[in-house]
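The next block holds one structure in the form of structure tokens; read it before the comments.
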Amino acid sequence: MAIITNMNKIYDYDLNDLINYVNSIGLKDFKARQIYNWLYKKRVADFTLMSDLSKDLIKRLKEEFVIDILSLVDKEVSSDGTIKFLFRLLDGSLIESVMMVFDYGYSACISTQVGCNMGCTFCASGLLKKQRDLTSGEIVAQVVYIQRFLDETGKRLGNIVVMGTGEPFDNYDNVMKALKIINDPHALEIGARHISISTCGIVPMIKRFADEKVQYNLAISLHASNDRLRTSLMPINKAYPLKELLEALKYYCVDNNRRLTFEYLLLKDINDQKENADELKELLHGLNAYINLIPYNEVKEHDYETSSDKRALEFYDMLKKRGIAVTLRHRKGDDISAACGQLRANHILGDKDENM
Ligand code: SAH
């Protein structure tokens with residue numbers, strides 16, 4: 001059910017935009033700072049609660065802006081504390097965000113697009129093609145929502161991973177605008193080193209990201225050790241094969257003196273063999289990087305299976321023996337629709353009712 005509105009979404013406005021807005025109606029900059037503080041520090045969900053603004057300004061904000069842009073459609077809670085939220089946007093689109101609990105704190109995994117066009121053959125997000133990019137406000141609002149949820153028990157989000165549905169580097173400007181607010185000490189205040197962006201490898205955008213010299217962590221969905229295999233899993237590899245990808249990553253590492261993360265899904269009999277370990281050694285030689293091995297969350301529309309726990313450990317050892325820095329990720333949210341895009345796909349493709 002879409003709510004038709006021509007009002008602006010307040011979370012699309014960064015501090016500069018808010019300053020321009022208040023100036024345009026004859027008010028001083030500090031009014032914008034007050035609004036910004038209510039939005040991101042006090043995190044109120046209603047303009048009426050912004051008690052140090054004049055009645056006139058509140059009335060005007062209510063007429064011109066909408067604050068409530070995510071409505072909860074479904075929530076799945078895992079026994080390990082992971083919570084998956086399914087939201088409806090104002091135009092009726094559905095998106096997912098996930099909150100995870102680690103021993104170092106709370107982390108949110110956020111989406112950047114409605115659907116995804118990258119077409120990775122193992123992924124649930126790509127079951128539904130991209131309908132549109134999320135606006136910066138729709139990206140920020142996911143973090144505000146989860147932080148508000150944690151506020152109820154006095155807890156704080158410490159980490160953001162841009163690893164939900166969508167390809168962040170296919171919506172670069174909106175993602176970067178959103179992350180600025182998420183990172184801003186006067187807003188959501190999540191340290192840059194605690195924010196990770198994951199990309200399937202859009203080379204020109206990796207170079208742009210390197211040139212911006214922001215401190216966010218960069219993760220690359222690698223998933224394969226040679227071009228033939230990677231192209232069969234990830235069509236983006238046709239446009240930007242491994243050689244080009246690795247050149248861009250070397251540029252990023254040297255220029256930024258940063259360590260890269262490679263995500264590597266464990267797909268049974270497909271990419272978990274000795275020759276894959278040998279190839280990875282060659283491929284990553286000289287890069288300041290480590291590989292994060294990730295158990296595959298099986299998706300019923302796809303045939304892939306995850307490597308057994310035994311095989312995962314064997315592959316981990318093979319990489320270690322070859323001098324590669326490697327970690328093995330624990331499963332999270334195993335008992336819910338944890339794979340990227342799975343909850344949304346279940347709703348849209350008919351496995352679940354639309355309403356709670
Ligand atoms: N488009 C970006 C970010 C979104 S996907 C990217 O490709 O990196 C986030 C990560 O989840 C990627 O590494 C992706 O390959 C992985 N992923 C997708 N489907 C998965 C599944 N079923 N199980 C485990 N990881 C999955």
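Chain lettering (A, B, ...) mirrors the order of the structure tokens, residue numbering begins at 1 for each chain separately, and ligand numbering begins at 1 in order of display.
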Go through the chains and note each residue within 7 Å of ligand 1, using only C-alpha atoms and all ligand atoms, then give the set as a VMD selection string. chain A and resid 122 to 124 162 to 168 198 to 200 220 to 221 263 265 294 to 299 339 to 340
List every residue of region 166-224 of chain A that has an atom at most 10 Å from any atom of region 235-254 of chain A, and for each one report the closest atom pair and its distance in Å to one decimal, counting only C-alpha atoms, with rows sorted by chain and then by increasing residue number, as a Markdown table.
```
| residue | atom | partner | partner_atom | distance |
| --- | --- | --- | --- | --- |
| A:Cys200 | CA | A:Ile236 | CA | 7.2 |
| A:Gly201 | CA | A:Leu245 | CA | 6.5 |
| A:Ile202 | CA | A:Tyr240 | CA | 6.9 |
| A:Val203 | CA | A:Leu245 | CA | 5.9 |
| A:Pro204 | CA | A:Ala248 | CA | 8.0 |
| A:Met205 | CA | A:Ala248 | CA | 9.3 |
| A:Ile206 | CA | A:Ala248 | CA | 6.5 |
| A:Lys207 | CA | A:Ala248 | CA | 6.0 |
| A:Arg208 | CA | A:Tyr252 | CA | 9.3 |
| A:Phe209 | CA | A:Tyr252 | CA | 8.0 |
| A:Ala210 | CA | A:Tyr252 | CA | 4.8 |
| A:Asp211 | CA | A:Tyr252 | CA | 7.9 |
| A:Lys213 | CA | A:Tyr252 | CA | 8.9 |
| A:Leu218 | CA | A:Tyr252 | CA | 9.4 |
| A:Ile220 | CA | A:Leu249 | CA | 9.2 |
| A:Leu222 | CA | A:Leu242 | CA | 9.1 |
| A:Ala224 | CA | A:Leu242 | CA | 9.6 |
```
Please, could you write that set of residues out with all heavy atoms as a compact mmCIF listing (two decimals), in the first residue's frame?
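As written to disk, part-v8.txt reads:
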```txt
# COMPACT_ATOMS: atom_id res chain seq x y z
N CYS A 200 30.58 -5.66 -4.94
CA CYS A 200 30.86 -6.82 -5.79
C CYS A 200 32.04 -6.52 -6.72
O CYS A 200 32.50 -7.40 -7.43
CB CYS A 200 29.62 -7.20 -6.59
SG CYS A 200 29.09 -5.92 -7.72
N GLY A 201 32.50 -5.27 -6.72
CA GLY A 201 33.71 -4.97 -7.49
C GLY A 201 33.50 -4.07 -8.69
O GLY A 201 33.92 -4.40 -9.81
N ILE A 202 32.87 -2.92 -8.48
CA ILE A 202 32.68 -1.96 -9.58
C ILE A 202 33.91 -1.06 -9.63
O ILE A 202 34.07 -0.12 -8.84
CB ILE A 202 31.37 -1.17 -9.38
CG1 ILE A 202 30.21 -2.18 -9.34
CG2 ILE A 202 31.18 -0.14 -10.49
CD1 ILE A 202 28.85 -1.57 -9.23
N VAL A 203 34.82 -1.40 -10.55
CA VAL A 203 36.17 -0.85 -10.54
C VAL A 203 36.25 0.69 -10.54
O VAL A 203 36.96 1.27 -9.72
CB VAL A 203 37.00 -1.50 -11.68
CG1 VAL A 203 38.24 -0.70 -11.99
CG2 VAL A 203 37.35 -2.94 -11.28
N PRO A 204 35.52 1.39 -11.42
CA PRO A 204 35.66 2.86 -11.41
C PRO A 204 35.28 3.47 -10.06
O PRO A 204 35.86 4.47 -9.63
CB PRO A 204 34.69 3.32 -12.50
CG PRO A 204 34.36 2.12 -13.31
CD PRO A 204 34.58 0.92 -12.45
N MET A 205 34.31 2.85 -9.40
CA MET A 205 33.86 3.39 -8.11
C MET A 205 34.86 3.08 -6.99
O MET A 205 34.98 3.83 -6.03
CB MET A 205 32.48 2.82 -7.75
CG MET A 205 31.40 3.30 -8.65
SD MET A 205 31.27 5.11 -8.52
CE MET A 205 30.86 5.52 -10.16
N ILE A 206 35.58 1.96 -7.14
CA ILE A 206 36.63 1.65 -6.16
C ILE A 206 37.72 2.72 -6.24
O ILE A 206 38.22 3.21 -5.23
CB ILE A 206 37.21 0.24 -6.40
CG1 ILE A 206 36.12 -0.81 -6.12
CG2 ILE A 206 38.45 0.00 -5.53
CD1 ILE A 206 36.52 -2.23 -6.46
N LYS A 207 38.03 3.13 -7.46
CA LYS A 207 39.05 4.18 -7.63
C LYS A 207 38.56 5.50 -7.03
O LYS A 207 39.29 6.21 -6.36
CB LYS A 207 39.40 4.34 -9.10
CG LYS A 207 40.13 3.11 -9.63
CD LYS A 207 40.68 3.36 -11.02
CE LYS A 207 41.47 2.16 -11.51
NZ LYS A 207 41.27 1.91 -12.94
N ARG A 208 37.29 5.80 -7.30
CA ARG A 208 36.73 7.04 -6.75
C ARG A 208 36.75 7.01 -5.22
O ARG A 208 37.13 7.98 -4.57
CB ARG A 208 35.30 7.19 -7.28
CG ARG A 208 34.68 8.47 -6.89
CD ARG A 208 33.41 8.73 -7.68
NE ARG A 208 32.63 9.71 -6.97
CZ ARG A 208 31.34 9.94 -7.20
NH1 ARG A 208 30.71 9.25 -8.13
NH2 ARG A 208 30.70 10.84 -6.50
N PHE A 209 36.39 5.87 -4.69
CA PHE A 209 36.37 5.69 -3.23
C PHE A 209 37.79 5.88 -2.67
O PHE A 209 37.99 6.55 -1.66
CB PHE A 209 35.83 4.30 -2.92
CG PHE A 209 35.70 3.99 -1.47
CD1 PHE A 209 34.66 4.51 -0.72
CD2 PHE A 209 36.61 3.15 -0.83
CE1 PHE A 209 34.53 4.22 0.64
CE2 PHE A 209 36.48 2.84 0.52
CZ PHE A 209 35.44 3.39 1.25
N ALA A 210 38.77 5.30 -3.37
CA ALA A 210 40.17 5.44 -2.93
C ALA A 210 40.57 6.91 -2.91
O ALA A 210 41.21 7.39 -1.97
CB ALA A 210 41.08 4.65 -3.86
N ASP A 211 40.15 7.65 -3.94
CA ASP A 211 40.56 9.06 -4.05
C ASP A 211 39.91 9.92 -2.97
O ASP A 211 40.45 10.95 -2.59
CB ASP A 211 40.19 9.61 -5.43
CG ASP A 211 41.12 9.03 -6.51
OD1 ASP A 211 42.24 8.61 -6.15
OD2 ASP A 211 40.72 8.99 -7.69
N LYS A 213 39.55 9.18 0.07
CA LYS A 213 40.31 8.99 1.31
C LYS A 213 39.45 8.99 2.57
O LYS A 213 39.86 9.48 3.62
CB LYS A 213 41.38 10.08 1.45
CG LYS A 213 42.28 10.22 0.23
CD LYS A 213 43.73 10.26 0.65
CE LYS A 213 44.67 10.44 -0.51
NZ LYS A 213 44.60 9.41 -1.52
N LEU A 218 36.71 -1.17 3.52
CA LEU A 218 36.23 -1.66 2.23
C LEU A 218 36.29 -3.19 2.21
O LEU A 218 37.32 -3.77 2.56
CB LEU A 218 37.08 -1.08 1.09
CG LEU A 218 36.63 -1.43 -0.33
CD1 LEU A 218 35.22 -0.92 -0.62
CD2 LEU A 218 37.60 -0.83 -1.36
N ILE A 220 35.38 -6.61 -0.28
CA ILE A 220 35.12 -7.00 -1.67
C ILE A 220 34.55 -8.41 -1.67
O ILE A 220 35.13 -9.32 -1.08
CB ILE A 220 36.43 -7.02 -2.49
CG1 ILE A 220 37.19 -5.69 -2.36
CG2 ILE A 220 36.17 -7.38 -3.95
CD1 ILE A 220 36.52 -4.52 -3.02
N LEU A 222 34.55 -11.51 -3.16
CA LEU A 222 35.44 -12.17 -4.12
C LEU A 222 34.83 -13.50 -4.57
O LEU A 222 34.54 -13.70 -5.75
CB LEU A 222 36.81 -12.38 -3.47
CG LEU A 222 37.92 -12.91 -4.35
CD1 LEU A 222 38.24 -11.95 -5.48
CD2 LEU A 222 39.20 -13.19 -3.53
N ALA A 224 35.61 -16.25 -5.52
CA ALA A 224 36.19 -17.16 -6.50
C ALA A 224 37.67 -16.86 -6.63
O ALA A 224 38.13 -15.77 -6.28
CB ALA A 224 35.50 -16.98 -7.85
```
Please identify the strand (DSSP E or B) residues within region 267-320 of chain A (assignment by DSSP from backbone atoms) and present them as a ChimeraX atom specification. /A:267,289-295,306
Counting only C-alpha atoms, which residues of region 159-276 of chain A sit at most 7 Å from some atom of region 91-108 of chain A, and what is each one's closest atom pair with its distance in Å to one decimal, listed by chain and rising residue number, as a Markdown table?
```
| residue | atom | partner | partner_atom | distance |
| --- | --- | --- | --- | --- |
| A:Asn159 | CA | A:Ser107 | CA | 4.4 |
| A:Ile160 | CA | A:Ala108 | CA | 5.0 |
| A:Val161 | CA | A:Ala108 | CA | 6.2 |
| A:Gly164 | CA | A:Ser97 | CA | 6.6 |
```
For the residues selected in the previous step, produce a file with N, CA, C and O atoms as a PDB file, in the first residue's frame.
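What follows is the written file again.pdb:
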```pdb
ATOM      1  N   ASN A 159      28.441  -0.544  15.145  1.00  0.00           N
ATOM      2  CA  ASN A 159      28.977  -0.949  13.840  1.00  0.00           C
ATOM      3  C   ASN A 159      27.924  -0.884  12.761  1.00  0.00           C
ATOM      4  O   ASN A 159      26.773  -1.241  13.003  1.00  0.00           O
ATOM      5  N   ILE A 160      28.351  -0.504  11.573  1.00  0.00           N
ATOM      6  CA  ILE A 160      27.436  -0.532  10.423  1.00  0.00           C
ATOM      7  C   ILE A 160      28.104  -1.322   9.312  1.00  0.00           C
ATOM      8  O   ILE A 160      29.279  -1.083   8.993  1.00  0.00           O
ATOM      9  N   VAL A 161      27.382  -2.271   8.743  1.00  0.00           N
ATOM     10  CA  VAL A 161      27.879  -2.921   7.534  1.00  0.00           C
ATOM     11  C   VAL A 161      26.896  -2.647   6.399  1.00  0.00           C
ATOM     12  O   VAL A 161      25.699  -2.862   6.541  1.00  0.00           O
ATOM     13  N   GLY A 164      23.494  -5.111   3.022  1.00  0.00           N
ATOM     14  CA  GLY A 164      22.131  -5.595   2.796  1.00  0.00           C
ATOM     15  C   GLY A 164      21.850  -5.656   1.297  1.00  0.00           C
ATOM     16  O   GLY A 164      22.773  -5.729   0.483  1.00  0.00           O
TER      17      GLY A 164
END
```
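Nearest to Tyr172 (chain A) of all the residues A:Met234, A:Leu127, A:Arg43, A:Ser136 is A:Ser136, based on only C-alpha atoms.
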Separation of CA of Gly81 (chain A) from CA of Ile336 (chain A), in Å and rounded to one decimal: 10.8 Å
Excluding region 45-61 of chain A and any residue of its chain fewer than 2 positions from it, enumerate the residues within 12 Å of it, using only C-alpha atoms, and give them as a PyMOL selection string. chain A and resi 7-11+18+21-22+25-27+30-43+63-71+141+144-145+148-149
Taking N, CA, C and O atoms for each residue, export the selection above as a compact mmCIF listing (two decimals), in the first residue's frame.
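And here's part00.txt as it stands now:
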```
# COMPACT_ATOMS: atom_id res chain seq x y z
N MET A 7 5.65 15.42 -0.12
CA MET A 7 6.46 16.07 0.91
C MET A 7 7.89 15.53 0.86
O MET A 7 8.12 14.41 0.43
N ASN A 8 8.81 16.35 1.34
CA ASN A 8 10.21 15.91 1.36
C ASN A 8 10.47 15.02 2.58
O ASN A 8 9.86 15.20 3.62
N LYS A 9 11.40 14.11 2.39
CA LYS A 9 11.78 13.26 3.51
C LYS A 9 12.88 13.99 4.30
O LYS A 9 13.94 14.27 3.75
N ILE A 10 12.63 14.24 5.55
CA ILE A 10 13.57 15.06 6.33
C ILE A 10 14.95 14.39 6.43
O ILE A 10 15.98 15.06 6.43
N TYR A 11 14.98 13.04 6.46
CA TYR A 11 16.28 12.37 6.58
C TYR A 11 17.12 12.48 5.31
O TYR A 11 18.30 12.14 5.32
N LEU A 18 19.71 21.38 5.61
CA LEU A 18 18.80 21.95 6.62
C LEU A 18 19.09 23.44 6.82
O LEU A 18 18.17 24.25 6.97
N TYR A 21 17.63 25.27 4.06
CA TYR A 21 16.17 25.32 4.21
C TYR A 21 15.78 26.39 5.23
O TYR A 21 14.95 27.26 4.94
N VAL A 22 16.38 26.36 6.42
CA VAL A 22 15.94 27.34 7.43
C VAL A 22 16.28 28.77 6.98
O VAL A 22 15.48 29.69 7.19
N ILE A 25 13.65 30.23 4.78
CA ILE A 25 12.42 30.74 5.41
C ILE A 25 12.75 31.79 6.48
O ILE A 25 11.98 32.03 7.40
N GLY A 26 13.94 32.38 6.32
CA GLY A 26 14.30 33.55 7.14
C GLY A 26 14.82 33.23 8.53
O GLY A 26 14.81 34.09 9.41
N LEU A 27 15.27 32.00 8.77
CA LEU A 27 15.77 31.65 10.11
C LEU A 27 17.29 31.46 10.08
O LEU A 27 17.88 31.20 9.04
N PHE A 30 21.40 28.21 13.39
CA PHE A 30 21.33 27.37 14.60
C PHE A 30 20.00 26.60 14.69
O PHE A 30 19.92 25.55 15.32
N LYS A 31 18.98 27.12 14.02
CA LYS A 31 17.69 26.38 13.99
C LYS A 31 17.90 25.02 13.31
O LYS A 31 17.35 23.99 13.73
N ALA A 32 18.72 25.04 12.25
CA ALA A 32 19.00 23.79 11.53
C ALA A 32 19.73 22.82 12.46
O ALA A 32 19.44 21.62 12.49
N ARG A 33 20.66 23.38 13.25
CA ARG A 33 21.41 22.52 14.18
C ARG A 33 20.48 21.89 15.21
O ARG A 33 20.65 20.74 15.60
N GLN A 34 19.51 22.69 15.66
CA GLN A 34 18.55 22.14 16.63
C GLN A 34 17.75 20.99 16.02
O GLN A 34 17.57 19.94 16.64
N ILE A 35 17.29 21.21 14.79
CA ILE A 35 16.50 20.16 14.13
C ILE A 35 17.35 18.89 13.97
O ILE A 35 16.93 17.77 14.26
N TYR A 36 18.58 19.11 13.52
CA TYR A 36 19.52 18.01 13.29
C TYR A 36 19.73 17.20 14.57
O TYR A 36 19.74 15.97 14.58
N ASN A 37 19.87 17.94 15.67
CA ASN A 37 20.06 17.31 16.97
C ASN A 37 18.83 16.47 17.38
O ASN A 37 18.96 15.35 17.87
N TRP A 38 17.66 17.00 17.14
CA TRP A 38 16.43 16.25 17.45
C TRP A 38 16.34 14.98 16.60
O TRP A 38 15.89 13.93 17.06
N LEU A 39 16.77 15.10 15.35
CA LEU A 39 16.64 13.95 14.44
C LEU A 39 17.62 12.83 14.79
O LEU A 39 17.26 11.66 14.80
N TYR A 40 18.87 13.21 15.07
CA TYR A 40 19.92 12.19 15.14
C TYR A 40 20.47 11.93 16.54
O TYR A 40 21.04 10.87 16.79
N LYS A 41 20.35 12.91 17.44
CA LYS A 41 20.83 12.66 18.81
C LYS A 41 19.67 12.23 19.70
O LYS A 41 19.77 11.26 20.43
N LYS A 42 18.56 12.97 19.62
CA LYS A 42 17.42 12.59 20.47
C LYS A 42 16.52 11.60 19.75
O LYS A 42 15.72 10.90 20.38
N ARG A 43 16.64 11.59 18.44
CA ARG A 43 15.94 10.60 17.61
C ARG A 43 14.43 10.56 17.84
O ARG A 43 13.84 9.48 17.94
N GLU A 63 4.05 20.43 7.71
CA GLU A 63 3.40 20.59 6.40
C GLU A 63 4.32 20.20 5.25
O GLU A 63 3.88 19.72 4.23
N GLU A 64 5.60 20.43 5.45
CA GLU A 64 6.52 20.27 4.31
C GLU A 64 7.33 18.97 4.32
O GLU A 64 7.84 18.56 3.29
N PHE A 65 7.46 18.37 5.50
CA PHE A 65 8.35 17.20 5.58
C PHE A 65 7.66 15.99 6.20
O PHE A 65 6.81 16.14 7.06
N VAL A 66 8.12 14.84 5.78
CA VAL A 66 7.67 13.62 6.45
C VAL A 66 8.88 13.02 7.17
O VAL A 66 10.02 13.06 6.69
N ILE A 67 8.63 12.55 8.38
CA ILE A 67 9.72 12.05 9.22
C ILE A 67 9.64 10.52 9.30
O ILE A 67 10.65 9.83 9.38
N ASP A 68 8.41 10.02 9.21
CA ASP A 68 8.18 8.60 9.42
C ASP A 68 8.17 7.89 8.07
O ASP A 68 7.13 7.78 7.43
N ILE A 69 9.33 7.41 7.61
CA ILE A 69 9.37 6.89 6.23
C ILE A 69 9.52 5.38 6.17
O ILE A 69 9.48 4.80 5.09
N LEU A 70 9.69 4.74 7.32
CA LEU A 70 9.79 3.28 7.33
C LEU A 70 8.65 2.72 8.16
O LEU A 70 8.51 3.08 9.32
N SER A 71 7.83 1.85 7.60
CA SER A 71 6.88 1.18 8.50
C SER A 71 7.20 -0.31 8.53
O SER A 71 7.49 -0.94 7.50
N ALA A 141 17.62 6.31 7.64
CA ALA A 141 16.46 5.99 8.48
C ALA A 141 16.53 4.55 9.03
O ALA A 141 16.03 4.27 10.11
N VAL A 144 18.66 4.91 12.08
CA VAL A 144 17.90 5.61 13.12
C VAL A 144 16.89 4.65 13.75
O VAL A 144 16.76 4.57 14.97
N TYR A 145 16.21 3.87 12.91
CA TYR A 145 15.19 2.95 13.41
C TYR A 145 15.81 1.93 14.38
O TYR A 145 15.30 1.70 15.48
N ARG A 148 16.92 3.56 17.57
CA ARG A 148 15.75 3.83 18.43
C ARG A 148 15.30 2.56 19.15
O ARG A 148 14.96 2.59 20.33
N PHE A 149 15.34 1.47 18.43
CA PHE A 149 14.98 0.18 19.02
C PHE A 149 15.92 -0.14 20.19
O PHE A 149 15.50 -0.56 21.26
```
What lies within 12 Å of Lys180 (chain A) using only C-alpha atoms, ignoring chain neighbours under 2 positions off, as a PyMOL selection string? chain A and resi 12-16+136-137+139-140+173-178+182-192+195+214-216
File of the preceding selection, C-alpha atoms, as a compact mmCIF listing (two decimals), in the first residue's frame:
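Output file result.txt is given in full below:
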```txt
# COMPACT_ATOMS: atom_id res chain seq x y z
CA ASP A 12 17.32 13.18 3.00
CA TYR A 13 18.61 16.50 4.36
CA ASP A 14 22.12 16.72 5.71
CA LEU A 15 23.08 19.63 7.96
CA ASN A 16 23.91 21.88 4.99
CA SER A 136 20.22 8.88 1.39
CA GLY A 137 17.39 9.44 3.89
CA ILE A 139 19.49 4.57 4.12
CA VAL A 140 19.97 6.75 7.22
CA ASP A 173 26.35 9.41 -3.95
CA ASN A 174 23.36 8.53 -1.80
CA VAL A 175 25.37 5.95 0.15
CA MET A 176 28.19 8.39 0.83
CA LYS A 177 25.78 11.13 1.87
CA ALA A 178 24.06 8.73 4.26
CA ILE A 182 25.87 8.08 10.26
CA ASN A 183 29.51 8.96 11.00
CA ASP A 184 29.02 12.61 12.04
CA PRO A 185 29.79 13.15 15.77
CA HIS A 186 26.85 15.59 15.84
CA ALA A 187 24.53 12.95 14.40
CA LEU A 188 24.68 9.15 14.78
CA GLU A 189 28.36 9.17 15.69
CA ILE A 190 29.48 5.77 14.49
CA GLY A 191 33.25 5.80 13.95
CA ALA A 192 34.47 5.48 10.35
CA ILE A 195 31.61 1.27 9.11
CA VAL A 214 37.46 8.30 3.67
CA GLN A 215 38.26 5.97 6.55
CA TYR A 216 35.42 3.48 6.09
```
Could you tell me, as a PyMOL selection string, which residues of region 75-207 of chain A DSSP assigns to alpha helix (DSSP H) when given the backbone? chain A and resi 136-151+172-183+203-207
Computed gap from CA of Asn217 (chain A) to CA of Glu282 (chain A) is 23.5 Å
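Picture a line from CA of Asp272 (chain A) to CA of Phe315 (chain A); it runs 6.2 Å.
The residue that comes closest to Arg230 (chain A), out of A:Asn171, A:Lys310, A:Ala325, A:Tyr264 and on the basis of only C-alpha atoms, is A:Tyr264.
Residues with any atom within 6 Å of Leu267 (chain A), counting only C-alpha atoms and excluding same-chain neighbours fewer than 3 positions away, are Ile270, Asn271, Glu305, Thr306 and Ser307 of chain A.
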